>>> print(open('input.pdb').read())   # PDB, C-alpha atoms
ATOM      1  CA  MET C   1      24.922 -11.934  19.904
ATOM      2  CA  ALA C   2      25.791 -14.354  17.119
ATOM      3  CA  LYS C   3      25.207 -13.043  13.641
ATOM      4  CA  THR C   4      25.049 -15.730  10.993
ATOM      5  CA  SER C   5      23.348 -16.205   7.679
ATOM      6  CA  LYS C   6      23.298 -18.963   5.082
ATOM      7  CA  ARG C   7      26.130 -17.154   3.316
ATOM      8  CA  ASP C   8      28.141 -16.936   6.554
ATOM      9  CA  VAL C   9      27.698 -20.616   7.383
ATOM     10  CA  LYS C  10      29.159 -21.663   4.033
ATOM     11  CA  LYS C  11      32.182 -19.385   4.228
ATOM     12  CA  THR C  12      32.706 -18.014   7.726
ATOM     13  CA  LEU C  13      31.093 -17.943  11.115
ATOM     14  CA  THR C  14      30.823 -14.461  12.612
ATOM     15  CA  ALA C  15      29.761 -13.428  16.082
ATOM     16  CA  THR C  16      30.012 -10.555  18.516
ATOM     17  CA  GLU C  17      29.816 -10.936  22.265
ATOM     18  CA  GLU C  18      30.525  -9.313  25.604
ATOM     19  CA  VAL C  19      33.709 -10.657  27.213
ATOM     20  CA  THR C  20      34.355 -10.767  30.956
ATOM     21  CA  GLU C  21      37.344 -13.109  30.837
ATOM     22  CA  PHE C  22      39.779 -14.406  28.260
ATOM     23  CA  VAL C  23      39.490 -18.121  27.515
ATOM     24  CA  GLY C  24      41.771 -20.347  25.460
ATOM     25  CA  ASN C  25      43.661 -18.310  22.883
ATOM     26  CA  ASP C  26      41.410 -15.240  23.186
ATOM     27  CA  LEU C  27      44.123 -12.934  24.512
ATOM     28  CA  ASP C  28      46.572 -14.107  21.874
ATOM     29  CA  SER C  29      44.164 -13.531  18.977
ATOM     30  CA  LEU C  30      43.093 -10.183  20.458
ATOM     31  CA  CYS C  31      46.704  -9.010  20.680
ATOM     32  CA  GLU C  32      47.352 -10.155  17.096
ATOM     33  CA  ALA C  33      44.278  -8.300  15.818
ATOM     34  CA  THR C  34      45.324  -5.221  17.771
ATOM     35  CA  VAL C  35      48.799  -5.245  16.215
ATOM     36  CA  GLU C  36      47.298  -5.631  12.741
ATOM     37  CA  ALA C  37      44.939  -2.711  13.347
ATOM     38  CA  ILE C  38      47.775  -0.527  14.658
ATOM     39  CA  VAL C  39      49.983  -1.322  11.654
ATOM     40  CA  ASP C  40      47.015  -0.483   9.397
ATOM     41  CA  GLY C  41      46.647   2.893  11.130
ATOM     42  CA  HIS C  42      43.550   2.061  13.192
ATOM     43  CA  GLY C  43      45.291   1.575  16.497
ATOM     44  CA  PHE C  44      43.150   3.687  18.817
ATOM     45  CA  ASN C  45      46.006   6.077  19.729
ATOM     46  CA  TRP C  46      48.992   3.773  19.184
ATOM     47  CA  LEU C  47      51.107   4.603  16.147
ATOM     48  CA  LYS C  48      53.422   1.600  16.486
ATOM     49  CA  PRO C  49      52.622  -1.723  18.104
ATOM     50  CA  PRO C  50      53.818  -1.761  21.710
ATOM     51  CA  ALA C  51      55.568  -4.719  23.295
ATOM     52  CA  ARG C  52      53.402  -7.811  23.558
ATOM     53  CA  THR C  53      53.484  -7.618  27.368
ATOM     54  CA  THR C  54      52.102  -4.073  27.147
ATOM     55  CA  LEU C  55      49.231  -5.197  24.935
ATOM     56  CA  GLU C  56      48.405  -8.112  27.198
ATOM     57  CA  ALA C  57      48.458  -5.854  30.259
ATOM     58  CA  PHE C  58      46.256  -3.320  28.457
ATOM     59  CA  TRP C  59      43.568  -5.863  27.559
ATOM     60  CA  ARG C  60      43.673  -7.572  30.958
ATOM     61  CA  GLY C  61      43.324  -4.138  32.541
ATOM     62  CA  VAL C  62      40.244  -3.356  30.458
ATOM     63  CA  LEU C  63      38.471  -6.330  32.030
ATOM     64  CA  LEU C  64      39.297  -5.030  35.515
ATOM     65  CA  ILE C  65      37.779  -1.567  35.075
ATOM     66  CA  PRO C  66      34.156  -1.551  36.253
ATOM     67  CA  GLU C  67      33.275   1.394  33.996
ATOM     68  CA  ARG C  68      34.235  -0.537  30.865
ATOM     69  CA  THR C  69      32.503  -3.321  29.000
ATOM     70  CA  LEU C  70      34.466  -5.099  26.306
ATOM     71  CA  PHE C  71      32.722  -6.544  23.269
ATOM     72  CA  VAL C  72      34.662  -8.629  20.769
ATOM     73  CA  ALA C  73      34.063  -9.669  17.190
ATOM     74  CA  ARG C  74      34.915 -13.215  16.162
ATOM     75  CA  LEU C  75      35.531 -14.632  12.741
ATOM     76  CA  ASP C  76      35.605 -18.431  12.734
ATOM     77  CA  GLY C  77      36.031 -18.331  16.525
ATOM     78  CA  ARG C  78      39.050 -16.019  16.500
ATOM     79  CA  ILE C  79      38.866 -12.503  18.000
ATOM     80  CA  VAL C  80      39.349  -9.978  15.193
ATOM     81  CA  GLY C  81      38.104  -6.708  16.696
ATOM     82  CA  THR C  82      36.622  -4.884  19.648
ATOM     83  CA  VAL C  83      34.576  -2.049  20.962
ATOM     84  CA  GLN C  84      34.340  -0.823  24.530
ATOM     85  CA  LEU C  85      31.394   0.833  26.164
ATOM     86  CA  VAL C  86      32.906   3.320  28.590
ATOM     87  CA  ARG C  87      30.774   4.710  31.388
ATOM     88  CA  PRO C  88      31.560   7.957  33.193
ATOM     89  CA  ALA C  89      33.528   7.840  36.429
ATOM     90  CA  ARG C  90      31.354   7.320  39.494
ATOM     91  CA  ASN C  91      32.068  10.830  40.740
ATOM     92  CA  ASN C  92      30.784  12.350  37.481
ATOM     93  CA  GLU C  93      27.189  12.737  38.587
ATOM     94  CA  GLN C  94      26.458  15.544  36.149
ATOM     95  CA  GLY C  95      27.602  13.421  33.200
ATOM     96  CA  ALA C  96      26.116  10.138  34.388
ATOM     97  CA  PHE C  97      23.687  10.067  31.447
ATOM     98  CA  SER C  98      26.402   9.707  28.790
ATOM     99  CA  ALA C  99      28.553   6.744  27.726
ATOM    100  CA  GLU C 100      31.339   6.568  25.162
ATOM    101  CA  ILE C 101      32.537   4.181  22.477
ATOM    102  CA  ALA C 102      36.285   3.380  22.594
ATOM    103  CA  THR C 103      38.864   0.944  21.122
ATOM    104  CA  PHE C 104      36.633   0.294  18.148
ATOM    105  CA  PHE C 105      38.420  -1.665  15.420
ATOM    106  CA  ILE C 106      38.349  -4.711  13.175
ATOM    107  CA  ALA C 107      41.580  -6.313  11.902
ATOM    108  CA  PRO C 108      42.066  -5.358   8.238
ATOM    109  CA  TRP C 109      41.730  -8.899   6.884
ATOM    110  CA  ALA C 110      38.459  -9.465   8.788
ATOM    111  CA  ARG C 111      36.539  -6.464   7.457
ATOM    112  CA  GLY C 112      33.526  -6.756   5.221
ATOM    113  CA  HIS C 113      31.532  -9.220   7.330
ATOM    114  CA  GLY C 114      29.347  -6.696   9.178
ATOM    115  CA  LEU C 115      31.250  -7.150  12.438
ATOM    116  CA  ALA C 116      31.866  -3.439  13.054
ATOM    117  CA  ARG C 117      28.145  -2.707  12.693
ATOM    118  CA  SER C 118      27.311  -5.612  14.992
ATOM    119  CA  LEU C 119      29.791  -4.444  17.656
ATOM    120  CA  LEU C 120      28.328  -0.945  17.538
ATOM    121  CA  LYS C 121      24.814  -2.373  17.932
ATOM    122  CA  ASP C 122      25.927  -4.443  20.931
ATOM    123  CA  ALA C 123      27.444  -1.412  22.667
ATOM    124  CA  GLU C 124      24.372   0.696  21.950
ATOM    125  CA  ARG C 125      22.034  -2.035  23.216
ATOM    126  CA  LYS C 126      24.006  -2.261  26.458
ATOM    127  CA  ALA C 127      24.034   1.528  26.857
ATOM    128  CA  ARG C 128      20.265   1.671  26.376
ATOM    129  CA  ALA C 129      19.706  -1.220  28.790
ATOM    130  CA  GLU C 130      21.740   0.601  31.430
ATOM    131  CA  GLY C 131      19.685   3.767  31.001
ATOM    132  CA  PHE C 132      22.179   5.974  29.182
ATOM    133  CA  THR C 133      20.532   8.628  27.054
ATOM    134  CA  THR C 134      23.613   9.783  25.166
ATOM    135  CA  LEU C 135      26.307   7.818  23.371
ATOM    136  CA  GLU C 136      29.440   9.493  22.029
ATOM    137  CA  VAL C 137      32.324   8.486  19.783
ATOM    138  CA  ASN C 138      35.251  10.373  18.278
ATOM    139  CA  ILE C 139      36.913   9.359  15.027
ATOM    140  CA  ARG C 140      40.027  10.542  13.225
ATOM    141  CA  SER C 141      39.068  12.377  10.028
ATOM    142  CA  ASP C 142      40.944  10.001   7.715
ATOM    143  CA  ARG C 143      38.908   7.007   8.917
ATOM    144  CA  LYS C 144      36.242   7.320   6.221
ATOM    145  CA  PRO C 145      34.596   3.878   6.687
ATOM    146  CA  ALA C 146      34.294   4.420  10.470
ATOM    147  CA  ILE C 147      32.780   7.863   9.893
ATOM    148  CA  ALA C 148      30.316   6.422   7.376
ATOM    149  CA  LEU C 149      29.333   3.668   9.831
ATOM    150  CA  ALA C 150      28.776   6.160  12.656
ATOM    151  CA  GLU C 151      26.615   8.364  10.441
ATOM    152  CA  ALA C 152      24.658   5.401   9.047
ATOM    153  CA  SER C 153      24.050   4.261  12.644
ATOM    154  CA  GLY C 154      22.393   7.546  13.583
ATOM    155  CA  PHE C 155      25.329   9.421  15.101
ATOM    156  CA  THR C 156      25.524  13.138  14.368
ATOM    157  CA  ARG C 157      28.784  15.042  14.024
ATOM    158  CA  TRP C 158      28.747  17.935  16.468
ATOM    159  CA  ALA C 159      32.364  19.140  16.386
ATOM    160  CA  THR C 160      35.719  18.835  14.690
ATOM    161  CA  LYS C 161      39.039  19.257  16.444
ATOM    162  CA  GLU C 162      41.690  20.336  13.944
ATOM    163  CA  ARG C 163      44.611  18.949  15.976
ATOM    164  CA  TYR C 164      43.112  15.678  17.104
ATOM    165  CA  ALA C 165      46.117  13.481  16.314
ATOM    166  CA  ARG C 166      49.675  13.809  15.059
ATOM    167  CA  VAL C 167      50.965  11.088  12.763
ATOM    168  CA  ASP C 168      54.452  11.256  11.269
ATOM    169  CA  GLY C 169      54.649  14.922  12.240
ATOM    170  CA  VAL C 170      51.372  15.812  10.518
ATOM    171  CA  TYR C 171      48.316  16.965  12.461
ATOM    172  CA  LEU C 172      45.049  15.248  11.601
ATOM    173  CA  ALA C 173      41.562  16.430  12.469
ATOM    174  CA  GLY C 174      39.122  14.383  14.497
ATOM    175  CA  HIS C 175      35.333  14.412  14.483
ATOM    176  CA  TYR C 176      33.084  14.107  17.512
ATOM    177  CA  PHE C 177      29.764  12.328  17.146
ATOM    178  CA  VAL C 178      26.761  11.930  19.418
ATOM    179  CA  LYS C 179      23.640   9.793  19.384
ATOM    180  CA  TYR C 180      20.723  10.544  21.666
ATOM    181  CA  LEU C 181      19.345   7.227  22.832
ATOM    182  CA  ASP C 182      16.182   8.648  24.361
ATOM    183  CA  LYS C 183      14.916   9.760  20.939
ATOM    184  CA  ALA C 184      13.489   7.555  18.227
ATOM    185  CA  ALA C 185      16.398   5.568  16.849
ATOM    186  CA  PRO C 186      16.828   4.727  13.171
ATOM    187  CA  ALA C 187      17.244   1.062  12.331
ATOM    188  CA  LEU C 188      20.870  -0.003  12.535
TER     189      LEU C 188
END
>>> encode(input="input.pdb", output="structure tokens")
Amino acid sequence: MAKTSKRDVKKTLTATEEVTEFVGNDLDSLCEATVEAIVDGHGFNWLKPPARTTLEAFWRGVLLIPERTLFVARLDGRIVGTVQLVRPARNNEQGAFSAEIATFFIAPWARGHGLARSLLKDAERKARAEGFTTLEVNIRSDRKPAIALAEASGFTRWATKERYARVDGVYLAGHYFVKYLDKAAPAL
């Protein structure tokens, strides 16, 4: 789903899309963006960047898991962020109505172009198209912009876990959000 405007065309070209295979330097730019996000503290559970081979194996593995759909954000053709739509395991019949948002980040230098909002829209669109009625995401409490985006996108905080993460020996809270897709949705 390319997102461009007259302003974007003059300065940068932005786009978000579903990825089913890595082409050209996609994996390289994805790994670089991941490292930058981890160093910035937005590393979806990693505190320090793992070995490059680990990152490559992680992202290749994502594409192999049928319950996961990977969306990427591009800035001038380069991957700068992701979100995954994660479906429940096939044996989870009672929870088959609910999908989850995971590995949601934008490299620090690529923020401010609306890519995070666009990725979230893409994942929600896919969830709706596949018949999910609930979409969930959890966010560390110190991630104020991510929390603001979730709330502005119609997600409601339903719980807080006081010991969600431990960073440098300090426990940080995490918030759990839900959006009911079978109810009238506010404009994203």
>>> resolve_selection(input="input.pdb", expression="the PyMOL selection byres ((chain C and resi 172) around 12)", output="count of residues only")
20
>>> atom_distance(input="input.pdb", atom1="CA of Leu181 (chain C)", atom2="CA of Val137 (chain C)")
13.4 Å
>>> closest_residue(input="input.pdb", among="C:Ala152, C:Val62, C:Ala96, C:Ala51", to="Val35 (chain C)", atoms="all atoms listed in the file")
C:Ala51
>>> residues_around(input="input.pdb", residues="Pro145 (chain C)", least_positions_apart="5", cutoff="12 Å", atoms="all atoms listed in the file", output="VMD selection string")
chain C and resid 42 105 to 106 108 111 to 112 116 to 117 139 to 140 150 to 152
>>> resolve_selection(input="input.pdb", expression="the PyMOL selection byres ((chain C and resi 89) around 12)", output="PyMOL selection string")
chain C and resi 65-68+86-88+90-100
>>> closest_residue(input="input.pdb", among="C:Tyr176, C:Ile101, C:Thr133, C:Ala73", to="Gly114 (chain C)", atoms="only C-alpha atoms")
C:Ala73
>>> atom_distance(input="input.pdb", atom1="CA of Pro49 (chain C)", atom2="CA of Ala148 (chain C)")
26.1 Å
>>> axis_aligned_box(input="input.pdb", around="region 150-169 of chain C", padding_each_side="3 Å", output="lines of an AutoDock Vina configuration file")
center_x = 38.5
center_y = 12.3
center_z = 13.1
size_x = 38.3
size_y = 22.1
size_z = 14.1
>>> closest_residue(input="input.pdb", among="C:Ala15, C:Ala33, C:Ile38, C:Leu63", to="Leu119 (chain C)", atoms="all atoms listed in the file")
C:Ala15
>>> decode(input="input.pdb", residues="region 116-187 of chain C", atoms="C-alpha atoms", output="PDB file, in the first residue's frame")
ATOM      1  CA  ALA C 116       4.159   3.351  11.780  1.00  0.00           C
ATOM      2  CA  ARG C 117       0.533   4.416  11.302  1.00  0.00           C
ATOM      3  CA  SER C 118       0.526   2.957   7.796  1.00  0.00           C
ATOM      4  CA  LEU C 119       1.964  -0.377   8.992  1.00  0.00           C
ATOM      5  CA  LEU C 120      -0.674  -0.583  11.712  1.00  0.00           C
ATOM      6  CA  LYS C 121      -3.409   0.118   9.147  1.00  0.00           C
ATOM      7  CA  ASP C 122      -2.052  -2.615   6.866  1.00  0.00           C
ATOM      8  CA  ALA C 123      -2.060  -5.190   9.671  1.00  0.00           C
ATOM      9  CA  GLU C 124      -5.558  -4.192  10.749  1.00  0.00           C
ATOM     10  CA  ARG C 125      -6.855  -4.351   7.169  1.00  0.00           C
ATOM     11  CA  LYS C 126      -5.441  -7.859   6.781  1.00  0.00           C
ATOM     12  CA  ALA C 127      -6.901  -8.956  10.125  1.00  0.00           C
ATOM     13  CA  ARG C 128     -10.332  -7.655   9.128  1.00  0.00           C
ATOM     14  CA  ALA C 129     -10.110  -9.291   5.696  1.00  0.00           C
ATOM     15  CA  GLU C 130      -9.322 -12.621   7.342  1.00  0.00           C
ATOM     16  CA  GLY C 131     -12.330 -12.330   9.644  1.00  0.00           C
ATOM     17  CA  PHE C 132     -10.613 -11.581  12.944  1.00  0.00           C
ATOM     18  CA  THR C 133     -12.806  -9.667  15.354  1.00  0.00           C
ATOM     19  CA  THR C 134     -10.145  -8.790  17.912  1.00  0.00           C
ATOM     20  CA  LEU C 135      -6.678  -7.328  17.486  1.00  0.00           C
ATOM     21  CA  GLU C 136      -4.245  -7.082  20.393  1.00  0.00           C
ATOM     22  CA  VAL C 137      -0.899  -5.413  21.016  1.00  0.00           C
ATOM     23  CA  ASN C 138       1.289  -5.003  24.088  1.00  0.00           C
ATOM     24  CA  ILE C 139       3.668  -2.091  24.558  1.00  0.00           C
ATOM     25  CA  ARG C 140       6.336  -1.309  27.130  1.00  0.00           C
ATOM     26  CA  SER C 141       5.237   1.621  29.302  1.00  0.00           C
ATOM     27  CA  ASP C 142       8.187   3.843  28.366  1.00  0.00           C
ATOM     28  CA  ARG C 143       7.276   3.724  24.663  1.00  0.00           C
ATOM     29  CA  LYS C 144       5.115   6.854  24.757  1.00  0.00           C
ATOM     30  CA  PRO C 145       4.837   7.433  20.968  1.00  0.00           C
ATOM     31  CA  ALA C 146       3.801   3.788  20.383  1.00  0.00           C
ATOM     32  CA  ILE C 147       1.204   4.043  23.153  1.00  0.00           C
ATOM     33  CA  ALA C 148      -0.137   7.284  21.677  1.00  0.00           C
ATOM     34  CA  LEU C 149      -0.360   5.681  18.219  1.00  0.00           C
ATOM     35  CA  ALA C 150      -2.223   2.646  19.566  1.00  0.00           C
ATOM     36  CA  GLU C 151      -4.703   4.846  21.420  1.00  0.00           C
ATOM     37  CA  ALA C 152      -5.174   7.183  18.441  1.00  0.00           C
ATOM     38  CA  SER C 153      -5.829   4.101  16.277  1.00  0.00           C
ATOM     39  CA  GLY C 154      -8.720   2.971  18.465  1.00  0.00           C
ATOM     40  CA  PHE C 155      -6.962   0.494  20.749  1.00  0.00           C
ATOM     41  CA  THR C 156      -8.076   0.453  24.376  1.00  0.00           C
ATOM     42  CA  ARG C 157      -5.760  -0.326  27.275  1.00  0.00           C
ATOM     43  CA  TRP C 158      -7.241  -3.193  29.256  1.00  0.00           C
ATOM     44  CA  ALA C 159      -4.375  -4.173  31.572  1.00  0.00           C
ATOM     45  CA  THR C 160      -0.941  -3.269  32.847  1.00  0.00           C
ATOM     46  CA  LYS C 161       1.679  -5.787  33.879  1.00  0.00           C
ATOM     47  CA  GLU C 162       4.064  -4.213  36.383  1.00  0.00           C
ATOM     48  CA  ARG C 163       6.960  -6.566  35.571  1.00  0.00           C
ATOM     49  CA  TYR C 164       6.655  -6.686  31.814  1.00  0.00           C
ATOM     50  CA  ALA C 165      10.347  -6.212  31.022  1.00  0.00           C
ATOM     51  CA  ARG C 166      13.662  -5.894  32.825  1.00  0.00           C
ATOM     52  CA  VAL C 167      16.204  -3.489  31.377  1.00  0.00           C
ATOM     53  CA  ASP C 168      19.549  -2.897  33.072  1.00  0.00           C
ATOM     54  CA  GLY C 169      18.207  -4.557  36.213  1.00  0.00           C
ATOM     55  CA  VAL C 170      15.127  -2.324  36.377  1.00  0.00           C
ATOM     56  CA  TYR C 171      11.612  -3.692  35.907  1.00  0.00           C
ATOM     57  CA  LEU C 172       9.397  -1.797  33.487  1.00  0.00           C
ATOM     58  CA  ALA C 173       5.634  -2.043  33.177  1.00  0.00           C
ATOM     59  CA  GLY C 174       3.875  -3.034  29.986  1.00  0.00           C
ATOM     60  CA  HIS C 175       0.401  -2.154  28.758  1.00  0.00           C
ATOM     61  CA  TYR C 176      -1.986  -4.472  26.954  1.00  0.00           C
ATOM     62  CA  PHE C 177      -4.300  -3.024  24.332  1.00  0.00           C
ATOM     63  CA  VAL C 178      -7.230  -4.428  22.388  1.00  0.00           C
ATOM     64  CA  LYS C 179      -9.276  -3.277  19.422  1.00  0.00           C
ATOM     65  CA  TYR C 180     -12.562  -4.924  18.546  1.00  0.00           C
ATOM     66  CA  LEU C 181     -12.745  -5.099  14.777  1.00  0.00           C
ATOM     67  CA  ASP C 182     -16.397  -6.097  14.623  1.00  0.00           C
ATOM     68  CA  LYS C 183     -17.471  -2.746  16.094  1.00  0.00           C
ATOM     69  CA  ALA C 184     -17.549   0.586  14.319  1.00  0.00           C
ATOM     70  CA  ALA C 185     -13.938   1.603  13.837  1.00  0.00           C
ATOM     71  CA  PRO C 186     -12.688   5.174  14.167  1.00  0.00           C
ATOM     72  CA  ALA C 187     -10.804   6.567  11.196  1.00  0.00           C
TER      73      ALA C 187
END
